[in-house]
Amino acid sequence: MASTSAEIIAFLLTISGWVLVSSTLPTDYWKVSTIDGTVITTATFWANLWKTCVTDSTGVSNCKDFPSMLALDGYIQACRGLMISAVCLGFFGAVFGLVGMKCTKVGGSDQTKAKIACLAGLIFILSGLCSMTGCSLYANRITSEFFDPTFVAQKYELGAALFIGWAGASLCIIGGSIFCFSIAENSNSPRRGYAYNGATSVMSSRTKVQNSVPDKTPPKHFDKNAYV
């Protein structure tokens, strides 16, 4: 019962983390222009993995998609690949996790389901690591440019999408670890042995009953005239 509850909690954690990681891809604010040292702010610049935008003081936004994928910076291409890989791995991890849970009726025996659940946990951990690496790589570029005194272009700060991605990656790693421990709990659980007694025939059962009932007929006494 405890193992089943742990698997349900792990499944909820991993699904929540996967949804958060998936929501970071269309999120606009991966980085936002800083207002540090600025007296008057006339426009706000922000960007994500797919486009860069500017919002003026009237609230009107103008966005421009990246013109070429091959002309992008290497860190943006790496972040795209890592985040898409995290989403795809999370999908397959959810399928394997649903099959490997003990509360479902698919997947075979308990030992087989435990192995499938452990595989789902490994996939979710890998998904979380991909998301964590992608968000950290993007954040490292922002912070390195922000603290570089020789960088004279527009500086940015960390956007909301990075924090969402880190939270989702943490949930995927925690839930995947719980899934991996399910195979250890299954191996430590005691196995119950059931002795099978072959089916007895009707004649043999009757013979056993007759042999078990004592003979209550009185013994016959014969005198000497009985032999004459």
# chains A, B, ... in the order shown; residues from 1 in each chain; ligands from 1

$ select_by_dssp --residues "segment 8-219 of chain A" --states "alpha helix (DSSP H)" --output "MDAnalysis selection string"
chainID A and resid 8:24 74:100 110:146 160:188 202:212

$ closest_atom_pairs --of "segment 34-152 of chain A" --to "segment 168-175 of chain A" --cutoff "8 Å" --atoms "only C-alpha atoms" --output "Markdown table"
| residue | atom | partner | partner_atom | distance |
| --- | --- | --- | --- | --- |
| A:Gly121 | CA | A:Gly175 | CA | 7.1 |
| A:Phe124 | CA | A:Cys172 | CA | 5.5 |
| A:Ile125 | CA | A:Ile173 | CA | 4.5 |
| A:Leu126 | CA | A:Ile173 | CA | 7.8 |
| A:Ser127 | CA | A:Cys172 | CA | 7.1 |
| A:Gly128 | CA | A:Ala169 | CA | 4.1 |
| A:Leu129 | CA | A:Ala169 | CA | 6.7 |
| A:Ser131 | CA | A:Ala169 | CA | 5.7 |
| A:Met132 | CA | A:Ala169 | CA | 5.7 |

$ write_last_selection --atoms "N, CA, C and O atoms" --output "mmCIF file, in the first residue's frame"
data_model
loop_
_atom_site.group_PDB
_atom_site.id
_atom_site.type_symbol
_atom_site.label_atom_id
_atom_site.label_comp_id
_atom_site.auth_asym_id
_atom_site.auth_seq_id
_atom_site.Cartn_x
_atom_site.Cartn_y
_atom_site.Cartn_z
ATOM 1 N N GLY A 121 11.170 6.206 -14.267
ATOM 2 C CA GLY A 121 11.902 7.114 -13.392
ATOM 3 C C GLY A 121 13.206 7.586 -14.013
ATOM 4 O O GLY A 121 13.552 8.773 -13.926
ATOM 5 N N PHE A 124 12.393 10.170 -16.668
ATOM 6 C CA PHE A 124 12.027 11.460 -16.084
ATOM 7 C C PHE A 124 13.255 12.185 -15.519
ATOM 8 O O PHE A 124 13.347 13.416 -15.606
ATOM 9 N N ILE A 125 14.173 11.440 -14.918
ATOM 10 C CA ILE A 125 15.396 12.066 -14.418
ATOM 11 C C ILE A 125 16.203 12.662 -15.568
ATOM 12 O O ILE A 125 16.723 13.790 -15.482
ATOM 13 N N LEU A 126 16.291 11.923 -16.682
ATOM 14 C CA LEU A 126 17.001 12.436 -17.849
ATOM 15 C C LEU A 126 16.298 13.659 -18.419
ATOM 16 O O LEU A 126 16.955 14.628 -18.840
ATOM 17 N N SER A 127 14.967 13.649 -18.418
ATOM 18 C CA SER A 127 14.210 14.809 -18.882
ATOM 19 C C SER A 127 14.473 16.022 -17.998
ATOM 20 O O SER A 127 14.665 17.149 -18.485
ATOM 21 N N GLY A 128 14.486 15.826 -16.682
ATOM 22 C CA GLY A 128 14.768 16.921 -15.774
ATOM 23 C C GLY A 128 16.173 17.468 -15.942
ATOM 24 O O GLY A 128 16.391 18.688 -15.878
ATOM 25 N N LEU A 129 17.131 16.582 -16.187
ATOM 26 C CA LEU A 129 18.504 17.044 -16.391
ATOM 27 C C LEU A 129 18.632 17.852 -17.676
ATOM 28 O O LEU A 129 19.369 18.849 -17.725
ATOM 29 N N SER A 131 16.242 19.670 -19.094
ATOM 30 C CA SER A 131 15.627 20.973 -18.835
ATOM 31 C C SER A 131 16.504 21.834 -17.931
ATOM 32 O O SER A 131 16.674 23.046 -18.178
ATOM 33 N N MET A 132 17.068 21.237 -16.908
ATOM 34 C CA MET A 132 17.943 21.974 -16.001
ATOM 35 C C MET A 132 19.169 22.516 -16.740
ATOM 36 O O MET A 132 19.588 23.666 -16.532
#

$ closest_residue --among "A:Asn48, A:Asn62, A:Ser177, A:Gln154" --to "Ile76 of chain A" --atoms "only C-alpha atoms"
A:Asn48

$ closest_residue --among "A:Phe91, A:Gly107, A:Ser182, A:Ile123" --to "Ile9 of chain A" --atoms "only C-alpha atoms"
A:Ser182

$ atom_distance --atom1 "atom CA of Asn140 of chain A" --atom2 "atom CA of Asp73 of chain A"
13.8 Å

$ residues_around --residues "Lys102 of chain A" --least-positions-apart "5" --cutoff "9 Å" --atoms "only C-alpha atoms" --output "PyMOL selection string"
chain A and resi 3-4+7+107+110+113-114

$ write_last_selection --atoms "N, CA and C atoms" --output "CSV table (one decimal), in the first residue's frame"
chain,number,residue,atom,x,y,z
A,3,SER,N,3.9,1.5,-1.2
A,3,SER,CA,4.5,1.6,-2.5
A,3,SER,C,3.6,2.2,-3.5
A,4,THR,N,2.3,1.8,-3.5
A,4,THR,CA,1.3,2.3,-4.4
A,4,THR,C,1.2,3.8,-4.2
A,7,GLU,N,4.1,5.7,-5.6
A,7,GLU,CA,4.1,5.7,-7.1
A,7,GLU,C,3.1,6.8,-7.5
A,107,GLY,N,0.5,-4.1,-17.9
A,107,GLY,CA,2.0,-4.2,-17.7
A,107,GLY,C,2.4,-5.6,-17.2
A,110,ASP,N,3.8,-8.0,-11.0
A,110,ASP,CA,4.3,-6.9,-10.1
A,110,ASP,C,5.8,-6.6,-10.4
A,113,LYS,N,6.1,-4.8,-13.7
A,113,LYS,CA,5.6,-3.4,-13.5
A,113,LYS,C,6.6,-2.6,-12.8
A,114,ALA,N,7.3,-3.2,-11.8
A,114,ALA,CA,8.3,-2.4,-11.1
A,114,ALA,C,9.5,-2.1,-12.0

$ decode --residues "segment 123-136 of chain A" --atoms "N, CA and C atoms" --output "compact mmCIF listing (two decimals), in the first residue's frame"
# COMPACT_ATOMS: atom_id res chain seq x y z
N ILE A 123 13.84 7.83 -17.20
CA ILE A 123 13.51 8.75 -18.30
C ILE A 123 13.15 10.12 -17.76
N PHE A 124 12.39 10.17 -16.67
CA PHE A 124 12.03 11.46 -16.08
C PHE A 124 13.26 12.19 -15.52
N ILE A 125 14.17 11.44 -14.92
CA ILE A 125 15.40 12.07 -14.42
C ILE A 125 16.20 12.66 -15.57
N LEU A 126 16.29 11.92 -16.68
CA LEU A 126 17.00 12.44 -17.85
C LEU A 126 16.30 13.66 -18.42
N SER A 127 14.97 13.65 -18.42
CA SER A 127 14.21 14.81 -18.88
C SER A 127 14.47 16.02 -18.00
N GLY A 128 14.49 15.83 -16.68
CA GLY A 128 14.77 16.92 -15.77
C GLY A 128 16.17 17.47 -15.94
N LEU A 129 17.13 16.58 -16.19
CA LEU A 129 18.50 17.04 -16.39
C LEU A 129 18.63 17.85 -17.68
N CYS A 130 17.93 17.44 -18.73
CA CYS A 130 17.95 18.20 -19.98
C CYS A 130 17.37 19.59 -19.77
N SER A 131 16.24 19.67 -19.09
CA SER A 131 15.63 20.97 -18.84
C SER A 131 16.50 21.83 -17.93
N MET A 132 17.07 21.24 -16.91
CA MET A 132 17.94 21.97 -16.00
C MET A 132 19.17 22.52 -16.74
N THR A 133 19.74 21.70 -17.62
CA THR A 133 20.92 22.13 -18.36
C THR A 133 20.59 23.26 -19.34
N GLY A 134 19.43 23.13 -20.03
CA GLY A 134 19.05 24.17 -20.99
C GLY A 134 18.81 25.51 -20.32
N CYS A 135 18.06 25.51 -19.23
CA CYS A 135 17.78 26.77 -18.51
C CYS A 135 19.05 27.35 -17.90
N SER A 136 19.92 26.49 -17.37
CA SER A 136 21.15 26.98 -16.75
C SER A 136 22.10 27.55 -17.81
